Structure formats: structure tokens, C-alpha cells
$ cat start-v1.tsv   # TSV, C-alpha atoms
chain	number	residue	atom	x	y	z
A	1	ASN	CA	0.00	0.00	0.00
A	2	THR	CA	1.71	3.20	-1.14
A	3	LEU	CA	-0.41	5.52	1.02
A	4	PRO	CA	1.35	4.99	4.41
A	5	GLN	CA	5.04	5.43	3.53
A	6	GLY	CA	6.71	5.92	6.91
A	7	SER	CA	8.14	9.38	6.26
A	8	ASP	CA	10.01	11.29	9.00
A	9	PRO	CA	12.20	14.41	9.03
A	10	ALA	CA	15.63	13.84	7.48
A	11	THR	CA	17.22	14.69	10.84
A	12	THR	CA	15.93	11.38	12.25
A	13	PHE	CA	18.13	9.28	9.94
A	14	PRO	CA	20.91	8.70	12.54
A	15	ASN	CA	18.31	7.10	14.83
A	16	LEU	CA	17.57	4.32	12.33
A	17	GLY	CA	20.87	2.47	12.84
A	18	ILE	CA	21.55	2.30	9.09
A	19	PRO	CA	25.04	2.89	7.60
A	20	ASP	CA	25.54	6.53	6.58
A	21	ASP	CA	26.25	5.69	2.94
A	22	TRP	CA	22.72	4.26	2.67
A	23	TYR	CA	21.11	7.65	3.24
A	24	TRP	CA	20.46	8.07	-0.48
A	25	CYS	CA	18.22	4.97	-0.42
A	26	LEU	CA	15.83	6.60	2.03
A	27	GLU	CA	16.23	10.21	0.95
A	28	TYR	CA	13.03	11.71	-0.42
A	29	GLN	CA	11.96	15.26	-1.24
A	30	TYR	CA	8.30	16.18	-1.31
A	31	PRO	CA	7.18	18.22	-4.35
A	32	GLU	CA	6.58	21.91	-3.67
A	33	HIS	CA	2.80	21.65	-3.44
A	34	MET	CA	3.15	19.16	-0.54
A	35	ARG	CA	5.53	21.26	1.58
A	36	ALA	CA	4.42	23.07	4.72
A	37	HIS	CA	5.73	26.54	3.78
A	38	GLU	CA	8.09	28.34	1.39
A	39	LEU	CA	11.19	27.68	3.51
A	40	ASP	CA	10.41	23.97	3.87
A	41	LEU	CA	12.73	21.96	1.60
A	42	GLY	CA	10.52	18.89	1.96
A	43	LEU	CA	13.45	16.61	2.84
A	44	VAL	CA	12.50	13.42	4.65
A	45	VAL	CA	13.62	9.85	5.11
A	46	ASN	CA	11.03	7.58	3.53
A	47	ILE	CA	11.07	4.00	4.85
A	48	LEU	CA	8.94	2.58	2.03
A	49	LYS	CA	11.09	4.26	-0.62
A	50	GLY	CA	14.19	2.77	1.01
A	51	ALA	CA	12.61	-0.70	1.00
A	52	VAL	CA	11.65	-0.43	-2.68
A	53	ALA	CA	15.13	0.81	-3.60
A	54	THR	CA	17.03	-1.96	-1.82
A	55	SER	CA	14.82	-5.09	-1.92
A	56	ASP	CA	15.60	-8.01	-4.19
A	57	ARG	CA	11.90	-8.25	-5.06
A	58	VAL	CA	9.00	-5.84	-4.56
A	59	LEU	CA	5.62	-7.45	-3.99
A	60	THR	CA	2.09	-6.23	-3.60
A	61	VAL	CA	-1.19	-8.06	-3.25
A	62	SER	CA	-2.64	-7.99	-6.77
A	63	GLU	CA	-1.40	-7.69	-10.32
A	64	GLY	CA	-3.73	-4.77	-10.96
A	65	TYR	CA	-2.39	-2.78	-8.02
A	66	ALA	CA	1.19	-3.55	-9.13
A	67	GLU	CA	0.34	-1.76	-12.37
A	68	GLU	CA	-1.47	1.12	-10.65
A	69	ILE	CA	1.38	2.03	-8.30
A	70	CYS	CA	3.58	2.74	-11.32
A	71	THR	CA	1.28	5.66	-12.20
A	72	PRO	CA	1.09	9.10	-10.53
A	73	LEU	CA	-2.40	8.34	-9.23
A	74	GLY	CA	-1.43	5.08	-7.54
A	75	GLY	CA	2.24	5.64	-6.77
A	76	LYS	CA	1.67	8.54	-4.34
A	77	GLY	CA	5.06	10.02	-5.25
A	78	LEU	CA	6.91	6.69	-5.54
A	79	GLU	CA	5.82	5.91	-9.09
A	80	GLY	CA	9.26	6.86	-10.48
A	81	ILE	CA	11.27	4.37	-8.46
A	82	LEU	CA	8.55	1.72	-8.75
A	83	THR	CA	8.63	2.05	-12.53
A	84	GLU	CA	12.42	1.71	-12.46
A	85	ARG	CA	12.02	-1.54	-10.52
A	86	LYS	CA	9.07	-2.82	-12.54
A	87	HIS	CA	11.10	-5.81	-13.76
A	88	ARG	CA	11.29	-6.91	-10.10
A	89	LEU	CA	7.72	-5.92	-9.14
A	90	ASP	CA	5.08	-8.62	-8.74
A	91	GLY	CA	1.47	-8.80	-7.55
A	92	VAL	CA	-0.10	-11.86	-5.92
A	93	VAL	CA	-3.74	-11.82	-4.83
A	94	ASN	CA	-4.38	-12.91	-1.24
A	95	GLY	CA	-6.25	-16.04	-0.34
A	96	ILE	CA	-8.67	-16.37	2.56
A	97	ASP	CA	-8.99	-18.73	5.51
A	98	LEU	CA	-11.61	-21.20	4.29
A	99	ASP	CA	-12.19	-22.52	7.80
A	100	GLU	CA	-12.88	-19.12	9.35
A	101	TRP	CA	-15.04	-18.08	6.40
A	102	ASN	CA	-17.12	-21.16	5.74
A	103	PRO	CA	-20.89	-20.83	5.19
A	104	ALA	CA	-21.31	-24.56	5.87
A	105	ASN	CA	-19.84	-24.22	9.37
A	106	ASP	CA	-19.94	-20.62	10.58
A	107	PRO	CA	-20.47	-20.32	14.35
A	108	HIS	CA	-21.74	-16.74	13.92
A	109	CYS	CA	-24.55	-17.72	11.54
A	110	GLU	CA	-27.63	-19.71	12.52
A	111	PHE	CA	-28.22	-21.55	9.25
A	112	PRO	CA	-25.42	-23.43	7.41
A	113	TYR	CA	-25.42	-23.73	3.62
A	114	ASP	CA	-23.13	-24.45	0.67
A	115	VAL	CA	-23.09	-24.11	-3.10
A	116	SER	CA	-25.18	-27.27	-3.56
A	117	ASN	CA	-28.00	-26.03	-1.32
A	118	LEU	CA	-28.49	-22.29	-0.80
A	119	ALA	CA	-31.66	-22.58	1.30
A	120	GLY	CA	-29.67	-21.66	4.41
A	121	LYS	CA	-28.61	-18.36	2.84
A	122	LEU	CA	-32.23	-17.27	2.53
A	123	MET	CA	-32.82	-18.27	6.16
A	124	ASN	CA	-29.80	-16.18	7.21
A	125	LYS	CA	-31.19	-13.24	5.24
A	126	ARG	CA	-34.49	-13.47	7.08
A	127	ALA	CA	-32.68	-13.75	10.43
A	128	LEU	CA	-30.57	-10.66	9.61
A	129	GLN	CA	-33.67	-8.69	8.58
A	130	ARG	CA	-35.29	-9.57	11.92
A	131	GLU	CA	-32.11	-8.67	13.84
A	132	LEU	CA	-31.93	-5.26	12.12
A	133	GLY	CA	-35.64	-4.53	12.49
A	134	PHE	CA	-36.36	-4.61	8.75
A	135	ASP	CA	-39.48	-6.06	7.17
A	136	VAL	CA	-38.77	-9.73	6.49
A	137	ARG	CA	-39.08	-9.90	2.71
A	138	ASP	CA	-37.44	-12.36	0.35
A	139	ASP	CA	-38.16	-10.21	-2.71
A	140	VAL	CA	-36.22	-7.11	-1.60
A	141	PRO	CA	-32.45	-6.94	-2.28
A	142	LEU	CA	-30.53	-6.64	1.01
A	143	LEU	CA	-27.32	-4.62	0.49
A	144	GLY	CA	-24.39	-4.43	2.89
A	145	PHE	CA	-21.21	-2.40	3.46
A	146	ILE	CA	-18.46	-3.51	5.83
A	147	GLY	CA	-15.30	-1.43	6.24
A	148	ARG	CA	-13.52	1.61	7.58
A	149	LEU	CA	-15.32	4.89	7.15
A	150	ASP	CA	-12.52	6.73	5.39
A	151	TRP	CA	-11.65	8.25	2.05
A	152	GLN	CA	-10.04	5.08	0.66
A	153	LYS	CA	-13.05	2.80	1.20
A	154	GLY	CA	-15.47	5.22	-0.50
A	155	PRO	CA	-18.45	5.26	1.89
A	156	ASP	CA	-18.93	8.90	0.90
A	157	LEU	CA	-20.09	7.59	-2.50
A	158	ILE	CA	-22.86	5.70	-0.72
A	159	ARG	CA	-23.65	8.89	1.23
A	160	ASP	CA	-23.86	10.95	-1.96
A	161	SER	CA	-26.10	8.31	-3.59
A	162	ILE	CA	-28.31	7.62	-0.59
A	163	ALA	CA	-31.39	9.58	-1.73
A	164	GLU	CA	-31.45	7.83	-5.12
A	165	MET	CA	-30.69	4.44	-3.55
A	166	MET	CA	-33.50	4.79	-1.03
A	167	ASN	CA	-35.89	5.44	-3.91
A	168	GLU	CA	-35.22	1.84	-4.93
A	169	ASP	CA	-37.05	-0.98	-3.16
A	170	VAL	CA	-33.95	-2.06	-1.20
A	171	GLN	CA	-32.64	-2.49	2.33
A	172	LEU	CA	-29.13	-1.33	3.27
A	173	VAL	CA	-26.96	-2.03	6.31
A	174	MET	CA	-23.55	-0.41	6.92
A	175	LEU	CA	-21.02	-1.61	9.51
A	176	GLY	CA	-17.90	0.43	10.23
A	177	SER	CA	-16.21	3.25	12.09
A	178	GLY	CA	-13.84	6.04	11.20
A	179	ILE	CA	-14.35	9.66	10.13
A	180	GLY	CA	-16.87	11.34	12.41
A	181	GLU	CA	-18.67	13.00	9.52
A	182	LEU	CA	-19.41	9.59	7.96
A	183	GLU	CA	-20.42	8.06	11.28
A	184	GLY	CA	-22.83	10.98	11.63
A	185	PHE	CA	-24.17	10.30	8.14
A	186	MET	CA	-25.01	6.70	9.12
A	187	GLN	CA	-26.92	7.90	12.18
A	188	TRP	CA	-28.75	10.51	10.10
A	189	ALA	CA	-29.63	8.02	7.36
A	190	GLU	CA	-31.03	5.53	9.86
A	191	ALA	CA	-33.25	8.23	11.36
A	192	THR	CA	-34.33	9.49	7.91
A	193	TYR	CA	-34.86	6.12	6.18
A	194	ASN	CA	-35.74	4.03	9.21
A	195	ASP	CA	-37.56	1.35	7.22
A	196	LYS	CA	-34.68	0.83	4.75
A	197	PHE	CA	-31.35	1.76	6.38
A	198	ARG	CA	-29.35	0.59	9.38
A	199	GLY	CA	-25.96	1.94	10.43
A	200	TRP	CA	-23.78	0.09	12.96
A	201	VAL	CA	-21.00	2.41	14.14
A	202	GLY	CA	-18.05	0.29	15.29
A	203	PHE	CA	-16.84	-3.14	14.30
A	204	ASN	CA	-18.20	-6.49	15.36
A	205	VAL	CA	-16.86	-9.76	13.94
A	206	PRO	CA	-20.03	-11.86	14.46
A	207	VAL	CA	-22.17	-9.13	12.87
A	208	ALA	CA	-19.72	-8.90	9.93
A	209	HIS	CA	-20.18	-12.64	9.36
A	210	ARG	CA	-23.98	-12.36	9.55
A	211	ILE	CA	-24.02	-9.43	7.11
A	212	THR	CA	-21.77	-11.36	4.72
A	213	ALA	CA	-24.02	-14.42	4.92
A	214	GLY	CA	-27.39	-12.65	4.96
A	215	CYS	CA	-26.97	-9.92	2.35
A	216	ASP	CA	-27.62	-10.41	-1.34
A	217	ILE	CA	-25.14	-7.72	-2.43
A	218	LEU	CA	-21.95	-6.30	-0.87
A	219	LEU	CA	-20.94	-2.72	-1.73
A	220	MET	CA	-17.19	-1.98	-2.09
A	221	PRO	CA	-16.80	1.49	-3.66
A	222	SER	CA	-13.09	1.79	-2.72
A	223	ARG	CA	-11.12	4.54	-4.47
A	224	PHE	CA	-8.12	2.22	-4.46
A	225	GLU	CA	-7.73	-1.28	-3.08
A	226	PRO	CA	-4.44	-3.20	-3.12
A	227	CYS	CA	-6.32	-6.48	-2.79
A	228	GLY	CA	-9.46	-6.34	-0.68
A	229	LEU	CA	-10.75	-9.26	1.36
A	230	ASN	CA	-14.43	-8.50	1.91
A	231	GLN	CA	-15.28	-9.22	-1.72
A	232	LEU	CA	-13.58	-12.63	-1.36
A	233	TYR	CA	-15.53	-13.39	1.82
A	234	ALA	CA	-18.73	-12.26	0.11
A	235	MET	CA	-18.25	-14.47	-2.96
A	236	ARG	CA	-17.44	-17.42	-0.69
A	237	TYR	CA	-20.89	-16.86	0.89
A	238	GLY	CA	-22.76	-16.35	-2.40
A	239	THR	CA	-23.13	-12.61	-1.80
A	240	LEU	CA	-22.44	-10.75	-5.04
A	241	PRO	CA	-20.15	-7.69	-4.87
A	242	ILE	CA	-20.58	-4.30	-6.51
A	243	ALA	CA	-17.16	-2.62	-6.56
A	244	HIS	CA	-15.03	0.07	-8.12
A	245	ALA	CA	-12.85	-1.44	-10.87
A	246	THR	CA	-9.53	-0.85	-9.14
A	247	GLY	CA	-6.60	-2.94	-7.93
A	248	GLY	CA	-7.48	-6.29	-6.41
A	249	LEU	CA	-11.22	-5.71	-6.82
A	250	ASN	CA	-10.82	-5.62	-10.58
A	251	ASP	CA	-8.59	-8.71	-10.44
A	252	THR	CA	-10.88	-10.87	-8.30
A	253	ILE	CA	-14.42	-9.95	-9.44
A	254	THR	CA	-15.66	-11.17	-12.82
A	255	ARG	CA	-18.08	-8.68	-14.39
A	256	HIS	CA	-21.61	-9.90	-14.93
A	257	ASN	CA	-22.13	-11.20	-18.47
A	258	PRO	CA	-25.77	-10.52	-19.42
A	259	PHE	CA	-25.44	-12.77	-22.49
A	260	ALA	CA	-24.34	-15.84	-20.51
A	261	LEU	CA	-26.43	-18.94	-20.01
A	262	ASP	CA	-28.05	-19.35	-16.60
A	263	ASP	CA	-26.82	-22.95	-16.51
A	264	PRO	CA	-25.18	-23.96	-13.19
A	265	GLU	CA	-22.80	-26.31	-15.02
A	266	VAL	CA	-21.53	-23.42	-17.17
A	267	ALA	CA	-21.06	-21.33	-14.02
A	268	VAL	CA	-18.97	-24.04	-12.33
A	269	ALA	CA	-16.88	-24.60	-15.48
A	270	ALA	CA	-16.25	-20.84	-15.75
A	271	ALA	CA	-15.12	-20.70	-12.11
A	272	ILE	CA	-12.68	-23.57	-12.64
A	273	ALA	CA	-11.32	-22.00	-15.83
A	274	SER	CA	-10.81	-18.67	-14.03
A	275	ASP	CA	-8.91	-20.39	-11.22
A	276	GLU	CA	-6.46	-21.76	-13.77
A	277	GLY	CA	-5.46	-18.23	-14.78
A	278	PRO	CA	-3.80	-17.45	-18.13
A	279	ASP	CA	-3.01	-21.13	-18.67
A	280	GLY	CA	-6.68	-22.12	-18.39
A	281	ASN	CA	-9.52	-22.14	-20.87
A	282	ARG	CA	-10.09	-18.37	-21.24
A	283	GLU	CA	-13.04	-18.91	-23.60
A	284	MET	CA	-14.79	-21.01	-20.97
A	285	ALA	CA	-14.01	-18.46	-18.26
A	286	ASP	CA	-15.61	-15.72	-20.36
A	287	LEU	CA	-18.79	-17.75	-20.94
A	288	GLY	CA	-19.80	-17.67	-17.27
A	289	PRO	CA	-22.44	-15.32	-15.86
A	290	GLY	CA	-19.86	-13.51	-13.72
A	291	THR	CA	-19.50	-12.98	-9.99
A	292	GLY	CA	-20.43	-9.30	-9.53
A	293	TRP	CA	-20.53	-5.80	-10.98
A	294	LEU	CA	-17.69	-3.29	-11.49
A	295	PHE	CA	-17.99	0.44	-12.17
A	296	ASP	CA	-15.10	2.29	-13.80
A	297	SER	CA	-15.71	5.89	-12.72
A	298	MET	CA	-15.80	6.95	-9.09
A	299	ASP	CA	-19.07	8.88	-9.38
A	300	THR	CA	-22.62	8.41	-8.21
A	301	TRP	CA	-24.03	7.79	-11.70
A	302	SER	CA	-21.69	4.86	-12.42
A	303	PHE	CA	-22.19	3.45	-8.95
A	304	MET	CA	-25.98	3.65	-9.05
A	305	TYR	CA	-26.05	2.21	-12.59
A	306	CYS	CA	-24.50	-0.98	-11.17
A	307	VAL	CA	-26.77	-0.96	-8.11
A	308	SER	CA	-29.89	-0.57	-10.27
A	309	ASN	CA	-28.80	-3.29	-12.70
A	310	ALA	CA	-28.00	-5.70	-9.89
A	311	CYS	CA	-31.35	-5.07	-8.16
A	312	LYS	CA	-33.19	-5.48	-11.47
A	313	LEU	CA	-31.49	-8.84	-12.10
A	314	PHE	CA	-32.23	-9.97	-8.52
A	315	ARG	CA	-35.95	-9.32	-8.98
A	316	GLU	CA	-36.45	-10.37	-12.60
A	317	ASN	CA	-34.04	-13.24	-13.25
A	318	PRO	CA	-33.54	-15.47	-10.20
A	319	LYS	CA	-32.05	-18.27	-12.32
A	320	MET	CA	-29.26	-15.99	-13.57
A	321	TRP	CA	-28.74	-14.69	-10.03
A	322	ARG	CA	-28.37	-18.25	-8.77
A	323	ALA	CA	-25.89	-19.03	-11.58
A	324	MET	CA	-23.79	-16.01	-10.53
A	325	GLN	CA	-23.86	-17.22	-6.92
A	326	ILE	CA	-22.75	-20.66	-8.06
A	327	GLN	CA	-19.84	-19.24	-10.08
A	328	ALA	CA	-18.79	-17.07	-7.14
A	329	MET	CA	-18.95	-19.92	-4.62
A	330	SER	CA	-17.26	-22.43	-6.93
A	331	GLN	CA	-14.03	-20.42	-7.16
A	332	ASP	CA	-10.94	-21.56	-5.29
A	333	LEU	CA	-10.37	-18.60	-2.97
A	334	SER	CA	-7.88	-20.45	-0.75
A	335	TRP	CA	-4.19	-19.66	-0.33
A	336	TYR	CA	-3.24	-22.57	-2.62
A	337	HIS	CA	-2.78	-20.61	-5.86
A	338	ALA	CA	-1.24	-17.65	-4.02
A	339	ALA	CA	1.26	-19.96	-2.31
A	340	LEU	CA	2.36	-21.40	-5.66
A	341	LYS	CA	3.03	-17.89	-6.98
A	342	TRP	CA	4.90	-16.89	-3.82
A	343	GLU	CA	7.10	-19.99	-4.11
A	344	LYS	CA	7.93	-19.09	-7.70
A	345	ILE	CA	8.93	-15.56	-6.68
A	346	PHE	CA	11.12	-16.92	-3.87
A	347	GLU	CA	12.83	-19.18	-6.40
A	348	TRP	CA	13.47	-16.21	-8.72
A	349	SER	CA	14.87	-14.26	-5.78
A	350	LYS	CA	17.38	-17.00	-5.00
A	351	ILE	CA	18.47	-17.25	-8.62
A	352	ASP	CA	19.03	-13.51	-9.13
A	353	PRO	CA	22.12	-11.84	-7.64
A	354	PRO	CA	21.43	-9.58	-4.62
A	355	HIS	CA	20.13	-6.16	-5.62
A	356	CYS	CA	22.08	-4.41	-2.84
A	357	GLU	CA	24.85	-5.52	-0.54
A	358	ILE	CA	26.09	-3.86	2.62
A	359	LYS	CA	29.83	-3.39	2.61
A	360	GLN	CA	31.42	-5.10	5.57
A	361	GLU	CA	33.61	-2.76	7.58
A	362	HIS	CA	36.66	-4.34	9.22
A	363	HIS	CA	37.97	-2.76	12.38
A	364	HIS	CA	41.58	-3.52	13.31
A	365	HIS	CA	42.59	-3.48	16.93
A	366	TYR	CA	46.25	-3.03	17.71

$ encode --input "start-v1.tsv" --output "C-alpha cells"
Amino acid sequence: NTLPQGSDPATTFPNLGIPDDWYWCLEYQYPEHMRAHELDLGLVVNILKGAVATSDRVLTVSEGYAEEICTPLGGKGLEGILTERKHRLDGVVNGIDLDEWNPANDPHCEFPYDVSNLAGKLMNKRALQRELGFDVRDDVPLLGFIGRLDWQKGPDLIRDSIAEMMNEDVQLVMLGSGIGELEGFMQWAEATYNDKFRGWVGFNVPVAHRITAGCDILLMPSRFEPCGLNQLYAMRYGTLPIAHATGGLNDTITRHNPFALDDPEVAVAAAIASDEGPDGNREMADLGPGTGWLFDSMDTWSFMYCVSNACKLFRENPKMWRAMQIQAMSQDLSWYHAALKWEKIFEWSKIDPPHCEIKQEHHHHY
């Protein structure tokens, strides 16, 4: 993640215990528009920059984010050195703990289910509606958001779209804490749209599991996302994500294909082909119904276009919706494929000569 870089005043360098001739590795100068005042030279030691400059390999948690951080928008000032090291930059998507996130055996959810029998998911939806004080309705799409209330995660996009969203026949629950203004929005929205909106300020693991299991749709409007885990948890539980097409979200969510067959066998075959990556049957992977919706522009129109389309499909084409759930739940979201890629990168690292070596200083005592 290039946002937190570990920058401190240049005068703190002696405290790091690093040889003096390595100062250039950590030296960084903020551009003029980011300096505090006219006399500020913007000189700092940047821990992340030093790590990128000296590491044998640079890794991040998705191929898409590895590309994004080489641009001014994603690099946050480090795009120059990351581009220089692009031949040693890799992205590997995270896996998830399939035991902790298992709809067939989740201690936080009342009704177990799996891809072969989704009846338990509907029961969990009804239980969540009762817990939140919503009308218990199978025909209304139940939407959820789980995450920090900050600029990166994009809950302000939900805030800016709330009036239009509440005009839809939907129910929405948000779980998270962070910026006070956004926490206040959740409290206001619950008071204003009491029959359709619930806001849970704070974080609660059992509630997060119940939202993941009970919702039909998970909202992830992140401005940037190195990998993202909630969309993986959601797909594991047959909850279809709507997300901004960025970083790991773009890598892990397959856009809905409205021309696909609603055949469960096609959905399973597409999931298997996607797991195989570039070496798999790409034609088969593209024939599937998809696992969610992605919007390219971070604006309310693009976001609500996906929300409206998803809600329309939920109401009008349950067979296609079920096929999308099956494709999502049939994916291998474990650490297996990630571990294979990590092993390959470790092998490359051992083959390549060291990128940097510390000179050994010999002290002679007479």
C-alpha cells in the first residue's frame, strides 16, 4: 500500500541504525505543493522508498495494483522508483482462511449452507432482517457495506447516492467506524430512512459474518484497493459484490455477463477455468455469468447504474442470479494458488544476484 510510507524528518536518519552511505536509499523530497511553507525543503527519510530501492523483489497483493502504483495516481510520489524496478515488481492476490469463512460451518450464523444447497442463505437473510428490524421480505435486495469509514473505502459515494438508492425498493446495512462525519451520516440516514437503512457504528466480527451471509449484495466502492478481502468473503458466501474497478477488486471480481447462459454447469466450469489463470480455458471463463458488478468511474451515476442493474437482475431473473452465486462460490479462494506464486517468486529471488549488498567494515585493533 503506497499511502502509508513511513516518512520522518531527514534529521531522524541517525536514529535508524543504518550505515551513513545508505542515506540516499531513504532520501526523499516532497514536491513543492506538498511542503508546509516556502522555507520547507521537503526533505524526509522515507522507509517505504528505502525498501523499494534496496529489496531483491518488490511485492504487492494484486497484479492490478502492481500496475497502478507505477502511475502518478497510484504511486503517491513513488511511481518513479517503482517504474524503475518494474522488472522486479510482482502482484499476488491474497487467499482467505476457508475454515474461518465457511458458510457450511460458521459459528456466527444460525443456518449453514453451501453451493449445492443455498436454502440456508435465505434463512440467514431473514434472520438478519429480523435482527436489524427490517421487514422480512425475500423479494427485496438486502445490500451491505463492511469497512472503515474513510476516504479510501469510498463510503462517501454511498452517502452521496443515498437519496437515489433509497428510492429503490432495497434495504441497506452499513457496519464500520472512522471519520466522524461519515459516522454521523449513518446515524442521520437511519433516522431518515428508518424502514430501509441501518448503520452500525463500530466493528463487530459476528455481525460482519452475519451481514456477509445474509446480504444479497456487498458494496465496495473503494477509491483504491491493493487487494481487498471482503469481496472474497462475500463471494465465498454467495453474496455478489458491486465494486469500483480498481486494484485487487478488478482482479478478483468477474463482471456480470448478461449474455451468458443461466446454466449452473456453465457457471462451475467458468469458475474452474478462471482459477487456472492465463493457462486455463479463457473462452470457458468468459462464458460464465460472472460474480459481480464493477464500475469504472468513481461517481454516483456509475455506482448507481450498477446498483440498479443488480437489483433489477435480482428481482427479474432469479435463475441468472443463482448461476452467478454458483460461479462465485465455486471459485478456489484459498491460499493454494497464491502460495504457488509466492514460491515461484522466492525461487526467482534465490536465482538472481542480490540487488544491494552492505559493505562489511573491518575494524583492526592493535

$ residues_near_point --input "start-v1.tsv" --point "(-34.4, -16.6, 6.6)" --cutoff "10 Å" --atoms "all atoms listed in the file" --output "list in words"
Glu110, Phe111, Ala119, Gly120, Lys121, Leu122, Met123, Asn124, Lys125, Arg126, Ala127, Leu128, Gln129, Arg130, Val136, Arg137, Asp138 and Gly214 of chain A

$ closest_residue --input "start-v1.tsv" --among "A:Leu89, A:Leu249, A:Ile18, A:Leu261" --to "Arg223 in chain A" --atoms "all atoms listed in the file"
A:Leu249

$ closest_residue --input "start-v1.tsv" --among "A:Leu132, A:Ile162, A:Ile211, A:Pro31" --to "Trp301 in chain A" --atoms "only C-alpha atoms"
A:Ile162

$ closest_residue --input "start-v1.tsv" --among "A:Ala243, A:Ala267, A:Met304, A:Ile272" --to "Trp321 in chain A" --atoms "only C-alpha atoms"
A:Ala267

$ residues_near_point --input "start-v1.tsv" --point "(-21.8, -13.7, 14.8)" --cutoff "9 Å" --atoms "all atoms listed in the file" --output "PyMOL selection string"
chain A and resi 106-110+204-210

$ closest_residue --input "start-v1.tsv" --among "A:Ala189, A:Ala310, A:Ile217, A:Leu240" --to "Pro258 in chain A" --atoms "only C-alpha atoms"
A:Ala310

$ closest_residue --input "start-v1.tsv" --among "A:Leu157, A:Arg35, A:Gly238, A:Gln152" --to "Trp101 in chain A" --atoms "only C-alpha atoms"
A:Gly238

$ closest_residue --input "start-v1.tsv" --among "A:Asp139, A:Glu63, A:Asp296, A:Glu343" --to "Phe314 in chain A" --atoms "all atoms listed in the file"
A:Asp139

$ decode --input "start-v1.tsv" --residues "range 325-343 of chain A" --atoms "N, CA and C atoms" --output "short mmCIF file (atom, residue, chain, number, x, y, z; two decimals), in the first residue's frame"
data_model
loop_
_atom_site.label_atom_id
_atom_site.label_comp_id
_atom_site.auth_asym_id
_atom_site.auth_seq_id
_atom_site.Cartn_x
_atom_site.Cartn_y
_atom_site.Cartn_z
N GLN A 325 -24.24 -16.74 -8.25
CA GLN A 325 -23.86 -17.22 -6.92
C GLN A 325 -23.03 -18.50 -7.02
N ILE A 326 -23.46 -19.38 -7.90
CA ILE A 326 -22.75 -20.66 -8.06
C ILE A 326 -21.34 -20.42 -8.59
N GLN A 327 -21.19 -19.54 -9.58
CA GLN A 327 -19.84 -19.24 -10.08
C GLN A 327 -18.98 -18.63 -8.98
N ALA A 328 -19.56 -17.71 -8.21
CA ALA A 328 -18.79 -17.07 -7.14
C ALA A 328 -18.35 -18.08 -6.09
N MET A 329 -19.25 -18.97 -5.69
CA MET A 329 -18.95 -19.92 -4.62
C MET A 329 -18.10 -21.09 -5.08
N SER A 330 -18.04 -21.30 -6.40
CA SER A 330 -17.26 -22.43 -6.93
C SER A 330 -15.79 -22.08 -7.15
N GLN A 331 -15.43 -20.83 -6.98
CA GLN A 331 -14.03 -20.42 -7.16
C GLN A 331 -13.17 -20.97 -6.02
N ASP A 332 -11.90 -21.19 -6.32
CA ASP A 332 -10.94 -21.56 -5.29
C ASP A 332 -10.34 -20.27 -4.74
N LEU A 333 -10.83 -19.84 -3.58
CA LEU A 333 -10.37 -18.60 -2.97
C LEU A 333 -9.35 -18.86 -1.86
N SER A 334 -8.84 -20.08 -1.80
CA SER A 334 -7.88 -20.45 -0.75
C SER A 334 -6.51 -19.84 -1.05
N TRP A 335 -5.56 -20.14 -0.16
CA TRP A 335 -4.19 -19.66 -0.33
C TRP A 335 -3.39 -20.55 -1.30
N TYR A 336 -4.00 -21.61 -1.83
CA TYR A 336 -3.24 -22.57 -2.62
C TYR A 336 -2.56 -21.91 -3.82
N HIS A 337 -3.36 -21.22 -4.65
CA HIS A 337 -2.78 -20.61 -5.86
C HIS A 337 -1.81 -19.49 -5.50
N ALA A 338 -2.15 -18.72 -4.46
CA ALA A 338 -1.24 -17.65 -4.02
C ALA A 338 0.09 -18.23 -3.56
N ALA A 339 0.03 -19.35 -2.82
CA ALA A 339 1.26 -19.96 -2.31
C ALA A 339 2.16 -20.42 -3.46
N LEU A 340 1.56 -20.97 -4.51
CA LEU A 340 2.36 -21.40 -5.66
C LEU A 340 3.10 -20.21 -6.29
N LYS A 341 2.40 -19.08 -6.39
CA LYS A 341 3.03 -17.89 -6.98
C LYS A 341 4.12 -17.34 -6.07
N TRP A 342 3.87 -17.35 -4.76
CA TRP A 342 4.90 -16.89 -3.82
C TRP A 342 6.14 -17.78 -3.91
N GLU A 343 5.95 -19.08 -4.00
CA GLU A 343 7.10 -19.99 -4.11
C GLU A 343 7.92 -19.69 -5.35
#
